[in-house]
$ cat target20.txt   # compact mmCIF, C-alpha atoms and all ligand atoms
# COMPACT_ATOMS: atom_id res chain seq x y z
CA MET P 1 -91.45 31.19 -86.31
CA ARG P 2 -93.50 28.02 -85.85
CA GLU P 3 -90.45 25.85 -86.50
CA ILE P 4 -88.60 27.50 -83.63
CA LYS P 5 -91.63 26.93 -81.41
CA MET P 6 -91.85 23.21 -82.26
CA LYS P 7 -88.13 22.83 -81.69
CA ALA P 8 -88.50 24.41 -78.26
CA LEU P 9 -91.36 22.02 -77.45
CA VAL P 10 -89.46 18.98 -78.68
CA GLU P 11 -86.56 19.95 -76.43
CA GLN P 12 -88.94 19.59 -73.50
CA VAL P 13 -89.65 15.95 -74.34
CA HIS P 14 -87.39 13.89 -72.11
CA PHE P 15 -86.56 10.24 -72.55
CA HIS P 16 -85.03 7.60 -70.37
CA ASN P 17 -83.81 5.08 -72.95
CA GLU P 18 -86.96 4.50 -75.01
CA LYS P 19 -89.42 5.70 -72.40
CA VAL P 20 -90.87 9.21 -72.30
CA ILE P 21 -90.46 10.55 -68.78
CA HIS P 22 -91.67 14.10 -69.41
CA TYR P 23 -93.42 16.11 -72.14
CA PRO P 24 -94.95 19.59 -72.25
CA ASP P 25 -98.64 20.25 -71.52
CA SER P 26 -99.18 21.59 -75.03
CA LEU P 27 -98.68 18.09 -76.44
CA GLU P 28 -100.99 15.09 -76.20
CA TRP P 29 -99.42 11.62 -76.31
CA ILE P 30 -101.12 9.68 -79.14
CA GLY P 31 -98.95 6.69 -79.88
CA GLN P 32 -95.59 5.04 -79.68
CA GLY P 33 -93.54 2.74 -81.90
CA ARG P 34 -90.10 1.17 -81.90
CA SER P 35 -88.32 4.35 -82.96
CA ALA P 36 -90.45 7.30 -81.87
CA VAL P 37 -93.32 8.74 -79.88
CA ALA P 38 -96.15 10.60 -81.60
CA PHE P 39 -97.81 13.60 -79.95
CA ARG P 40 -100.62 15.87 -81.06
CA HIS P 41 -99.87 19.56 -80.74
CA TYR P 42 -103.09 21.06 -79.32
CA GLU P 43 -102.64 24.50 -80.88
CA THR P 44 -101.99 23.46 -84.49
CA GLY P 45 -103.66 20.04 -84.38
CA ARG P 46 -100.56 18.59 -86.00
CA VAL P 47 -98.58 15.48 -85.08
CA VAL P 48 -95.06 15.87 -83.74
CA LYS P 49 -93.18 12.60 -84.09
CA VAL P 50 -90.22 12.72 -81.70
CA PHE P 51 -87.56 10.04 -82.19
CA TYR P 52 -85.83 8.28 -79.30
CA PRO P 53 -82.29 9.57 -78.73
CA SER P 54 -80.76 6.53 -80.46
CA TYR P 55 -83.02 7.03 -83.52
CA ARG P 56 -82.68 10.81 -83.94
CA THR P 57 -81.08 10.56 -87.38
CA VAL P 58 -84.14 8.69 -88.68
CA ALA P 59 -86.06 12.00 -88.58
CA THR P 60 -84.31 13.39 -91.66
CA VAL P 61 -84.59 10.05 -93.45
CA GLU P 62 -88.34 9.87 -92.83
CA ALA P 63 -88.75 13.52 -93.83
CA ASP P 64 -86.96 12.77 -97.12
CA VAL P 65 -89.28 9.84 -97.81
CA TYR P 66 -92.32 11.99 -97.03
CA THR P 67 -91.27 14.71 -99.43
CA ARG P 68 -91.66 12.10 -102.20
CA LEU P 69 -95.03 10.86 -100.92
CA SER P 70 -96.74 13.64 -99.05
CA THR P 71 -98.66 15.06 -102.01
CA HIS P 72 -100.49 11.73 -102.41
CA GLU P 73 -103.82 11.38 -100.61
CA LEU P 74 -102.89 8.00 -99.11
CA PHE P 75 -100.08 9.48 -97.00
CA PRO P 76 -100.17 12.24 -94.39
CA GLU P 77 -98.73 15.60 -95.29
CA VAL P 78 -95.36 16.52 -93.76
CA TYR P 79 -94.97 20.14 -92.68
CA GLU P 80 -91.59 20.35 -91.07
CA ALA P 81 -88.49 18.37 -90.21
CA GLY P 82 -86.16 19.29 -87.39
CA ASP P 83 -83.42 17.80 -85.29
CA GLY P 84 -84.85 14.46 -84.15
CA TYR P 85 -88.47 15.20 -85.02
CA ILE P 86 -90.95 15.67 -87.85
CA VAL P 87 -94.29 17.47 -87.97
CA LEU P 88 -97.12 15.70 -89.79
CA GLU P 89 -100.79 15.93 -90.60
CA TYR P 90 -102.89 14.37 -87.84
CA VAL P 91 -104.90 11.48 -89.19
CA THR P 92 -108.24 11.22 -87.41
CA GLY P 93 -109.21 7.61 -87.08
CA ARG P 94 -107.79 4.31 -85.92
CA THR P 95 -104.98 2.00 -86.93
CA LEU P 96 -105.88 -1.39 -88.47
CA TYR P 97 -104.56 -2.85 -85.19
CA ASP P 98 -107.26 -0.85 -83.35
CA CYS P 99 -109.81 -2.08 -85.91
CA LEU P 100 -109.02 -5.66 -84.86
CA VAL P 101 -109.30 -4.75 -81.17
CA GLU P 102 -112.58 -2.89 -81.63
CA GLY P 103 -114.10 -5.27 -84.18
CA VAL P 104 -114.25 -2.68 -86.99
CA PRO P 105 -114.39 -4.78 -90.19
CA ILE P 106 -111.36 -4.62 -92.47
CA THR P 107 -112.65 -4.72 -96.05
CA GLU P 108 -111.01 -5.91 -99.25
CA GLU P 109 -111.27 -2.36 -100.57
CA MET P 110 -109.09 -1.17 -97.67
CA ILE P 111 -106.48 -3.80 -98.60
CA HIS P 112 -106.54 -2.55 -102.21
CA GLU P 113 -106.03 1.03 -101.02
CA VAL P 114 -102.91 0.01 -99.08
CA ASP P 115 -101.67 -1.75 -102.24
CA ARG P 116 -102.32 1.46 -104.18
CA ALA P 117 -100.33 3.51 -101.60
CA LEU P 118 -97.39 1.10 -101.71
CA GLY P 119 -97.55 1.01 -105.52
CA PHE P 120 -97.28 4.79 -105.59
CA ALA P 121 -94.28 4.62 -103.23
CA ARG P 122 -92.61 2.13 -105.60
CA SER P 123 -93.30 4.45 -108.54
CA GLN P 124 -91.33 7.10 -106.62
CA GLY P 125 -88.30 4.81 -106.42
CA LEU P 126 -88.96 3.69 -102.84
CA ASN P 127 -89.07 0.20 -101.33
CA PRO P 128 -92.13 0.06 -99.00
CA SER P 129 -91.09 -1.70 -95.79
CA ASP P 130 -92.45 -2.32 -92.32
CA THR P 131 -96.06 -1.85 -93.37
CA HIS P 132 -97.86 -3.47 -90.46
CA LEU P 133 -101.20 -3.08 -88.65
CA LYS P 134 -100.09 -0.13 -86.48
CA ASN P 135 -98.71 1.76 -89.50
CA ILE P 136 -101.94 1.83 -91.48
CA MET P 137 -104.85 4.03 -90.46
CA LEU P 138 -108.53 4.02 -91.34
CA THR P 139 -109.89 7.57 -91.19
CA GLU P 140 -113.29 8.42 -89.77
CA ASP P 141 -114.66 8.81 -93.30
CA GLY P 142 -113.38 5.38 -94.35
CA ARG P 143 -110.16 6.34 -96.15
CA ILE P 144 -106.77 4.66 -95.76
CA LYS P 145 -103.51 6.41 -94.83
CA VAL P 146 -100.10 4.78 -94.48
CA ILE P 147 -98.49 6.69 -91.61
CA ASP P 148 -94.99 5.36 -91.01
CA VAL P 149 -92.56 5.48 -93.94
CA ALA P 150 -89.21 5.67 -92.14
CA ARG P 151 -87.99 2.38 -93.60
CA PHE P 152 -89.01 2.97 -97.24
CA PHE P 153 -85.37 3.66 -98.22
CA GLN P 154 -84.09 0.27 -97.08
CA GLU P 155 -82.93 -2.10 -99.82
CA GLU P 156 -83.84 -5.36 -98.15
CA GLU P 157 -87.24 -6.77 -99.14
CA CYS P 158 -89.78 -6.65 -96.31
CA PRO P 159 -92.42 -9.41 -96.24
CA HIS P 160 -94.76 -7.81 -93.65
CA TRP P 161 -97.46 -6.47 -95.93
CA ASP P 162 -97.51 -9.57 -98.17
CA ASP P 163 -97.76 -11.78 -95.08
CA LEU P 164 -100.59 -9.66 -93.66
CA LYS P 165 -102.46 -9.94 -96.95
CA LYS P 166 -101.96 -13.71 -96.96
CA ALA P 167 -103.38 -13.90 -93.43
CA TYR P 168 -106.28 -11.66 -94.49
CA TYR P 169 -107.29 -13.82 -97.45
CA THR P 170 -106.52 -17.18 -95.81
CA TYR P 171 -108.14 -16.58 -92.41
CA TYR P 172 -109.81 -13.22 -91.80
CA GLN P 173 -112.08 -13.35 -94.85
CA ARG P 174 -113.60 -16.69 -93.84
CA PRO P 175 -117.21 -16.09 -92.69
CA TYR P 176 -116.82 -17.83 -89.30
CA PHE P 177 -113.53 -16.13 -88.52
CA PRO P 178 -113.88 -13.62 -85.64
CA LYS P 179 -113.36 -9.94 -86.51
CA LYS P 180 -112.57 -8.78 -82.97
CA TYR P 181 -109.67 -9.83 -80.75
CA PRO P 182 -108.29 -9.02 -77.29
CA ARG P 183 -105.17 -6.86 -77.48
CA LEU P 184 -103.14 -9.49 -75.62
CA PHE P 185 -104.08 -12.13 -78.19
CA ILE P 186 -102.93 -9.90 -81.09
CA GLU P 187 -99.65 -9.13 -79.29
CA CYS P 188 -99.04 -12.87 -78.86
CA VAL P 189 -99.70 -13.46 -82.58
CA ILE P 190 -97.25 -10.63 -83.43
CA GLN P 191 -94.57 -12.21 -81.20
CA LEU P 192 -95.12 -15.64 -82.78
CA TYR P 193 -94.89 -14.05 -86.25
CA ARG P 194 -91.61 -12.31 -85.36
CA ARG P 195 -90.20 -15.64 -84.20
CA ARG P 196 -91.39 -17.24 -87.47
CA LEU P 197 -93.63 -19.62 -85.57
CA LEU P 198 -96.79 -18.97 -87.58
CA PRO P 199 -97.88 -21.01 -90.62
CA ILE P 200 -97.83 -17.96 -92.97
N1 LIG P 301 -99.96 11.21 -88.52
C1 LIG P 301 -100.51 10.51 -87.52
N2 LIG P 301 -101.82 10.65 -87.21
C2 LIG P 301 -102.37 9.94 -86.19
N3 LIG P 301 -101.69 9.05 -85.43
C3 LIG P 301 -100.39 8.86 -85.69
C4 LIG P 301 -99.72 9.57 -86.74
N4 LIG P 301 -98.42 9.20 -86.75
C5 LIG P 301 -98.28 8.30 -85.76
N5 LIG P 301 -99.46 8.07 -85.12
C6 LIG P 301 -99.67 7.13 -83.99
O1 LIG P 301 -98.44 6.92 -83.31
C7 LIG P 301 -98.00 5.54 -83.41
C8 LIG P 301 -96.48 5.53 -83.54
O2 LIG P 301 -96.07 6.27 -84.68
P1 LIG P 301 -95.10 5.64 -85.78
O3 LIG P 301 -95.67 4.38 -86.32
O4 LIG P 301 -94.84 6.69 -86.80
O5 LIG P 301 -93.80 5.33 -84.89
P2 LIG P 301 -92.58 4.33 -85.16
O6 LIG P 301 -91.73 4.32 -83.94
O7 LIG P 301 -91.93 4.75 -86.45
O8 LIG P 301 -93.30 2.93 -85.37
P3 LIG P 301 -92.67 1.48 -85.77
O9 LIG P 301 -92.63 0.67 -84.53
O10 LIG P 301 -93.70 0.96 -86.74
O11 LIG P 301 -91.34 1.75 -86.40
C9 LIG P 301 -98.77 4.98 -84.61
O12 LIG P 301 -98.93 3.58 -84.55
C10 LIG P 301 -100.10 5.74 -84.49
O13 LIG P 301 -100.92 5.15 -83.50
MG MG P 302 -95.10 2.61 -86.59
$ encode --input "target20.txt" --output "structure tokens" --more "lines below"
Ligand SMILES: Nc1ncnc2c1ncn2[C@@H]1O[C@H](COP(=O)(O)OP(=O)(O)OP(=O)(O)O)[C@@H](O)[C@H]1O
Ligand SMILES: [Mg+2]
Amino acid sequence: MREIKMKALVEQVHFHNEKVIHYPDSLEWIGQGRSAVAFRHYETGRVVKVFYPSYRTVATVEADVYTRLSTHELFPEVYEAGDGYIVLEYVTGRTLYDCLVEGVPITEEMIHEVDRALGFARSQGLNPSDTHLKNIMLTEDGRIKVIDVARFFQEEECPHWDDLKKAYYTYYQRPYFPKKYPRLFIECVIQLYRRRLLPI
């Protein structure tokens, strides 16, 4: 019953290329990435991740990854997978990206928790990939959740998390290093990193 309802709602999400141009009132826009838009469904409190038309097939891939991980406390639960969308547990909190913007300290314990999550994924035969600041959340009660696992099936090694850890230990942990940054500054650093222009 609920599945049919979510499907009907997802059909009301309209895209123009990778831009959402319309979505139903029963959904709240909560975030956007390179392959999908995340909404919160007011009635159930759950997240509906709706993939852009060109990424629709990723929904089943991500759902498959989640079925291997979802029982672990460091990943959100997945409730449902449909045509071009998945329904997930809503994680209350902020991404590590938001932590940098708001000046919420990122502790070594949080880094270890991400390592533990990725270690568990490896133990399930997966290859953790694309683990970056917007894909890791800090919950309101201080726990870590890795929220975006779509690329965990890829074979190619992904350096993102190792590079972030290097930056954390080399720069962030230094006492005089600022813990809060303007969004624009972080976006510039991300662009430089993507172009391999950072000494990491
Ligand atoms: N379960 C969740 N609970 C709370 N917020 C979420 C959840 N899932 C996604 N979000 C929010 O939506 C944003 C986009 O979701 P997600 O990272 O899954 O999309 P994506 O397109 O796969 O991202 P990427 O660009 O990393 O591939 C996240 O950065 C986060 O802010
Ligand atoms: Mg993401």
$ closest_residue --input "target20.txt" --among "P:Tyr169, P:Tyr90, P:Trp161, P:Tyr85" --to "P:Val58" --atoms "only C-alpha atoms"
P:Tyr85
$ atom_distance --input "target20.txt" --atom1 "atom CA of P:Ala38" --atom2 "atom O7 of ligand LIG 301 (chain P)"
8.7 Å
$ residues_around --input "target20.txt" --residues "P:Ile200" --least-positions-apart "2" --cutoff "10 Å" --atoms "only C-alpha atoms" --output "list in words"
Asp162, Asp163, Leu164, Lys166, Ala167, Thr170, Tyr193, Arg196, Leu197 and Leu198 of chain P
$ residues_around --input "target20.txt" --residues "P:Phe185" --least-positions-apart "6" --cutoff "12 Å" --atoms "all atoms listed in the file" --output "list in words"
Tyr97, Leu100, Val101, Gln191 and Leu192 of chain P
$ axis_aligned_box --input "target20.txt" --around "ligand LIG 301 (chain P)" --padding-each-side "5 Å" --output "JSON"
{"center_x": -96.9, "center_y": 5.9, "center_z": -85.9, "size_x": 21.0, "size_y": 20.5, "size_z": 15.2}
$ closest_residue --input "target20.txt" --among "P:Tyr181, P:Phe75, P:Tyr23, P:Phe120" --to "ligand LIG 301 (chain P)" --atoms "all atoms listed in the file"
P:Phe75
$ closest_residue --input "target20.txt" --among "P:Asn135, P:Tyr176, P:Val13, P:Thr95" --to "ligand MG 302 (chain P)" --atoms "all atoms listed in the file"
P:Asn135
$ closest_residue --input "target20.txt" --among "P:Asp148, P:Glu156, P:Glu187, P:Glu80" --to "ligand MG 302 (chain P)" --atoms "all atoms listed in the file"
P:Asp148
$ residues_near_ligand --input "target20.txt" --ligand "ligand LIG 301 (chain P)" --cutoff "7 Å" --atoms "all atoms listed in the file" --output "PDB file with C-alpha atoms, in the coordinates of the input"
ATOM      1  CA  ILE P  30    -101.120   9.680 -79.140  1.00  0.00           C
ATOM      2  CA  GLY P  31     -98.950   6.690 -79.880  1.00  0.00           C
ATOM      3  CA  GLN P  32     -95.590   5.040 -79.680  1.00  0.00           C
ATOM      4  CA  GLY P  33     -93.540   2.740 -81.900  1.00  0.00           C
ATOM      5  CA  ARG P  34     -90.100   1.170 -81.900  1.00  0.00           C
ATOM      6  CA  SER P  35     -88.320   4.350 -82.960  1.00  0.00           C
ATOM      7  CA  ALA P  36     -90.450   7.300 -81.870  1.00  0.00           C
ATOM      8  CA  VAL P  37     -93.320   8.740 -79.880  1.00  0.00           C
ATOM      9  CA  ALA P  38     -96.150  10.600 -81.600  1.00  0.00           C
ATOM     10  CA  VAL P  47     -98.580  15.480 -85.080  1.00  0.00           C
ATOM     11  CA  LYS P  49     -93.180  12.600 -84.090  1.00  0.00           C
ATOM     12  CA  PRO P  76    -100.170  12.240 -94.390  1.00  0.00           C
ATOM     13  CA  LEU P  88     -97.120  15.700 -89.790  1.00  0.00           C
ATOM     14  CA  GLU P  89    -100.790  15.930 -90.600  1.00  0.00           C
ATOM     15  CA  TYR P  90    -102.890  14.370 -87.840  1.00  0.00           C
ATOM     16  CA  VAL P  91    -104.900  11.480 -89.190  1.00  0.00           C
ATOM     17  CA  THR P  92    -108.240  11.220 -87.410  1.00  0.00           C
ATOM     18  CA  THR P  95    -104.980   2.000 -86.930  1.00  0.00           C
ATOM     19  CA  ASP P 130     -92.450  -2.320 -92.320  1.00  0.00           C
ATOM     20  CA  LYS P 134    -100.090  -0.130 -86.480  1.00  0.00           C
ATOM     21  CA  ASN P 135     -98.710   1.760 -89.500  1.00  0.00           C
ATOM     22  CA  ILE P 147     -98.490   6.690 -91.610  1.00  0.00           C
ATOM     23  CA  ASP P 148     -94.990   5.360 -91.010  1.00  0.00           C
ATOM     24  CA  ALA P 150     -89.210   5.670 -92.140  1.00  0.00           C
TER      25      ALA P 150
END
$ closest_residue --input "target20.txt" --among "P:Leu133, P:Val114, P:Leu126, P:Ile190" --to "P:Glu157" --atoms "all atoms listed in the file"
P:Leu126
$ residues_around --input "target20.txt" --residues "P:Asn17" --least-positions-apart "4" --cutoff "10 Å" --atoms "only C-alpha atoms" --output "VMD selection string"
chain P and resid 21 52 to 54
$ residues_around --input "target20.txt" --residues "P:Pro128" --least-positions-apart "6" --cutoff "8 Å" --atoms "all atoms listed in the file" --output "PyMOL selection string"
chain P and resi 118+121-122+149+151-153+158
$ atom_distance --input "target20.txt" --atom1 "atom CA of P:Pro199" --atom2 "atom CA of P:Pro105"
23.2 Å
$ closest_residue --input "target20.txt" --among "P:Val61, P:Phe51, P:Glu109, P:Val87" --to "ligand MG 302 (chain P)" --atoms "all atoms listed in the file"
P:Phe51
$ residues_near_point --input "target20.txt" --point "(-101.0, 14.9, -82.0)" --cutoff "8 Å" --atoms "all atoms listed in the file" --output "list of chain:residue names"
P:Leu27, P:Glu28, P:Trp29, P:Ile30, P:Ala38, P:Phe39, P:Arg40, P:His41, P:Tyr42, P:Gly45, P:Arg46, P:Val47, P:Val48, P:Tyr90
$ write_last_selection --input "target20.txt" --atoms "C-alpha atoms" --output "CSV table (one decimal), in the coordinates of the input"
chain,number,residue,atom,x,y,z
P,27,LEU,CA,-98.7,18.1,-76.4
P,28,GLU,CA,-101.0,15.1,-76.2
P,29,TRP,CA,-99.4,11.6,-76.3
P,30,ILE,CA,-101.1,9.7,-79.1
P,38,ALA,CA,-96.2,10.6,-81.6
P,39,PHE,CA,-97.8,13.6,-80.0
P,40,ARG,CA,-100.6,15.9,-81.1
P,41,HIS,CA,-99.9,19.6,-80.7
P,42,TYR,CA,-103.1,21.1,-79.3
P,45,GLY,CA,-103.7,20.0,-84.4
P,46,ARG,CA,-100.6,18.6,-86.0
P,47,VAL,CA,-98.6,15.5,-85.1
P,48,VAL,CA,-95.1,15.9,-83.7
P,90,TYR,CA,-102.9,14.4,-87.8
$ atom_distance --input "target20.txt" --atom1 "atom CA of P:Tyr66" --atom2 "atom CA of P:Ile111"
21.3 Å
$ residues_around --input "target20.txt" --residues "P:Gly103" --least-positions-apart "5" --cutoff "9 Å" --atoms "all atoms listed in the file" --output "short mmCIF file (atom, residue, chain, number, x, y, z; two decimals) with C-alpha atoms, in the coordinates of the input"
data_model
loop_
_atom_site.label_atom_id
_atom_site.label_comp_id
_atom_site.auth_asym_id
_atom_site.auth_seq_id
_atom_site.Cartn_x
_atom_site.Cartn_y
_atom_site.Cartn_z
CA ASP P 98 -107.26 -0.85 -83.35
CA PRO P 178 -113.88 -13.62 -85.64
CA LYS P 179 -113.36 -9.94 -86.51
CA LYS P 180 -112.57 -8.78 -82.97
CA TYR P 181 -109.67 -9.83 -80.75
#
$ residues_near_point --input "target20.txt" --point "(-107.1, 0.6, -101.8)" --cutoff "12 Å" --atoms "all atoms listed in the file" --output "list in words"
Glu73, Leu74, Ile106, Thr107, Glu108, Glu109, Met110, Ile111, His112, Glu113, Val114, Asp115, Arg116, Ala117, Leu118, Gly119, Phe120, Ile136, Leu138, Gly142, Arg143, Ile144, Lys145 and Val146 of chain P
$ write_last_selection --input "target20.txt" --atoms "C-alpha atoms" --output "compact mmCIF listing (two decimals), in the coordinates of the input"
# COMPACT_ATOMS: atom_id res chain seq x y z
CA GLU P 73 -103.82 11.38 -100.61
CA LEU P 74 -102.89 8.00 -99.11
CA ILE P 106 -111.36 -4.62 -92.47
CA THR P 107 -112.65 -4.72 -96.05
CA GLU P 108 -111.01 -5.91 -99.25
CA GLU P 109 -111.27 -2.36 -100.57
CA MET P 110 -109.09 -1.17 -97.67
CA ILE P 111 -106.48 -3.80 -98.60
CA HIS P 112 -106.54 -2.55 -102.21
CA GLU P 113 -106.03 1.03 -101.02
CA VAL P 114 -102.91 0.01 -99.08
CA ASP P 115 -101.67 -1.75 -102.24
CA ARG P 116 -102.32 1.46 -104.18
CA ALA P 117 -100.33 3.51 -101.60
CA LEU P 118 -97.39 1.10 -101.71
CA GLY P 119 -97.55 1.01 -105.52
CA PHE P 120 -97.28 4.79 -105.59
CA ILE P 136 -101.94 1.83 -91.48
CA LEU P 138 -108.53 4.02 -91.34
CA GLY P 142 -113.38 5.38 -94.35
CA ARG P 143 -110.16 6.34 -96.15
CA ILE P 144 -106.77 4.66 -95.76
CA LYS P 145 -103.51 6.41 -94.83
CA VAL P 146 -100.10 4.78 -94.48
$ decode --input "target20.txt" --residues "stretch 48-57 of chain P" --atoms "all heavy atoms" --output "mmCIF file, in the first residue's frame"
data_model
loop_
_atom_site.group_PDB
_atom_site.id
_atom_site.type_symbol
_atom_site.label_atom_id
_atom_site.label_comp_id
_atom_site.auth_asym_id
_atom_site.auth_seq_id
_atom_site.Cartn_x
_atom_site.Cartn_y
_atom_site.Cartn_z
ATOM 1 N N VAL P 48 12.978 10.090 0.807
ATOM 2 C CA VAL P 48 12.780 9.529 -0.523
ATOM 3 C C VAL P 48 13.886 10.123 -1.389
ATOM 4 O O VAL P 48 13.954 11.339 -1.569
ATOM 5 C CB VAL P 48 11.397 9.918 -1.108
ATOM 6 C CG1 VAL P 48 11.123 9.099 -2.368
ATOM 7 C CG2 VAL P 48 10.292 9.711 -0.097
ATOM 8 N N LYS P 49 14.782 9.246 -1.842
ATOM 9 C CA LYS P 49 15.869 9.712 -2.708
ATOM 10 C C LYS P 49 15.441 9.437 -4.145
ATOM 11 O O LYS P 49 15.301 8.283 -4.543
ATOM 12 C CB LYS P 49 17.169 8.977 -2.342
ATOM 13 C CG LYS P 49 18.372 9.353 -3.183
ATOM 14 C CD LYS P 49 19.673 8.793 -2.601
ATOM 15 C CE LYS P 49 20.840 9.017 -3.555
ATOM 16 N NZ LYS P 49 22.121 8.571 -3.011
ATOM 17 N N VAL P 50 15.232 10.514 -4.900
ATOM 18 C CA VAL P 50 14.727 10.385 -6.271
ATOM 19 C C VAL P 50 15.876 10.704 -7.231
ATOM 20 O O VAL P 50 16.454 11.790 -7.187
ATOM 21 C CB VAL P 50 13.543 11.359 -6.523
ATOM 22 C CG1 VAL P 50 12.942 11.116 -7.903
ATOM 23 C CG2 VAL P 50 12.483 11.221 -5.437
ATOM 24 N N PHE P 51 16.204 9.736 -8.080
ATOM 25 C CA PHE P 51 17.346 9.895 -8.993
ATOM 26 C C PHE P 51 16.962 10.693 -10.227
ATOM 27 O O PHE P 51 15.828 10.616 -10.710
ATOM 28 C CB PHE P 51 17.894 8.512 -9.375
ATOM 29 C CG PHE P 51 18.558 7.827 -8.205
ATOM 30 C CD1 PHE P 51 17.808 7.201 -7.211
ATOM 31 C CD2 PHE P 51 19.936 7.855 -8.067
ATOM 32 C CE1 PHE P 51 18.411 6.601 -6.118
ATOM 33 C CE2 PHE P 51 20.557 7.260 -6.973
ATOM 34 C CZ PHE P 51 19.790 6.633 -5.998
ATOM 35 N N TYR P 52 17.921 11.463 -10.736
ATOM 36 C CA TYR P 52 17.689 12.218 -11.975
ATOM 37 C C TYR P 52 17.383 11.217 -13.091
ATOM 38 O O TYR P 52 17.870 10.080 -13.040
ATOM 39 C CB TYR P 52 18.936 13.009 -12.368
ATOM 40 C CG TYR P 52 19.448 13.958 -11.310
ATOM 41 C CD1 TYR P 52 20.812 14.093 -11.079
ATOM 42 C CD2 TYR P 52 18.567 14.710 -10.539
ATOM 43 C CE1 TYR P 52 21.291 14.955 -10.105
ATOM 44 C CE2 TYR P 52 19.046 15.578 -9.569
ATOM 45 C CZ TYR P 52 20.405 15.691 -9.351
ATOM 46 O OH TYR P 52 20.868 16.539 -8.400
ATOM 47 N N PRO P 53 16.630 11.633 -14.108
ATOM 48 C CA PRO P 53 16.252 10.702 -15.173
ATOM 49 C C PRO P 53 17.437 9.896 -15.728
ATOM 50 O O PRO P 53 17.321 8.695 -15.926
ATOM 51 C CB PRO P 53 15.653 11.616 -16.240
ATOM 52 C CG PRO P 53 15.123 12.779 -15.459
ATOM 53 C CD PRO P 53 16.058 12.970 -14.293
ATOM 54 N N SER P 54 18.594 10.538 -15.887
ATOM 55 C CA SER P 54 19.733 9.809 -16.464
ATOM 56 C C SER P 54 20.416 8.869 -15.457
ATOM 57 O O SER P 54 21.330 8.128 -15.816
ATOM 58 C CB SER P 54 20.747 10.796 -17.035
ATOM 59 O OG SER P 54 21.061 11.740 -16.061
ATOM 60 N N TYR P 55 19.997 8.912 -14.192
ATOM 61 C CA TYR P 55 20.601 8.052 -13.163
ATOM 62 C C TYR P 55 19.594 7.068 -12.560
ATOM 63 O O TYR P 55 19.874 6.463 -11.533
ATOM 64 C CB TYR P 55 21.183 8.907 -12.025
ATOM 65 C CG TYR P 55 22.452 9.624 -12.374
ATOM 66 C CD1 TYR P 55 22.412 10.878 -12.974
ATOM 67 C CD2 TYR P 55 23.702 9.066 -12.094
ATOM 68 C CE1 TYR P 55 23.580 11.556 -13.298
ATOM 69 C CE2 TYR P 55 24.869 9.735 -12.410
ATOM 70 C CZ TYR P 55 24.799 10.980 -13.010
ATOM 71 O OH TYR P 55 25.958 11.642 -13.321
ATOM 72 N N ARG P 56 18.429 6.936 -13.198
ATOM 73 C CA ARG P 56 17.360 6.112 -12.616
ATOM 74 C C ARG P 56 17.797 4.708 -12.221
ATOM 75 O O ARG P 56 17.406 4.190 -11.180
ATOM 76 C CB ARG P 56 16.206 5.981 -13.624
ATOM 77 C CG ARG P 56 15.359 7.200 -13.752
ATOM 78 C CD ARG P 56 14.311 6.950 -14.813
ATOM 79 N NE ARG P 56 13.173 6.220 -14.277
ATOM 80 C CZ ARG P 56 12.168 6.789 -13.650
ATOM 81 N NH1 ARG P 56 12.155 8.093 -13.494
ATOM 82 N NH2 ARG P 56 11.177 6.073 -13.191
ATOM 83 N N THR P 57 18.660 4.108 -13.060
ATOM 84 C CA THR P 57 19.047 2.708 -12.818
ATOM 85 C C THR P 57 19.903 2.577 -11.551
ATOM 86 O O THR P 57 20.021 1.485 -11.001
ATOM 87 C CB THR P 57 19.838 2.147 -14.012
ATOM 88 O OG1 THR P 57 20.881 3.071 -14.302
ATOM 89 C CG2 THR P 57 18.954 1.976 -15.237
#
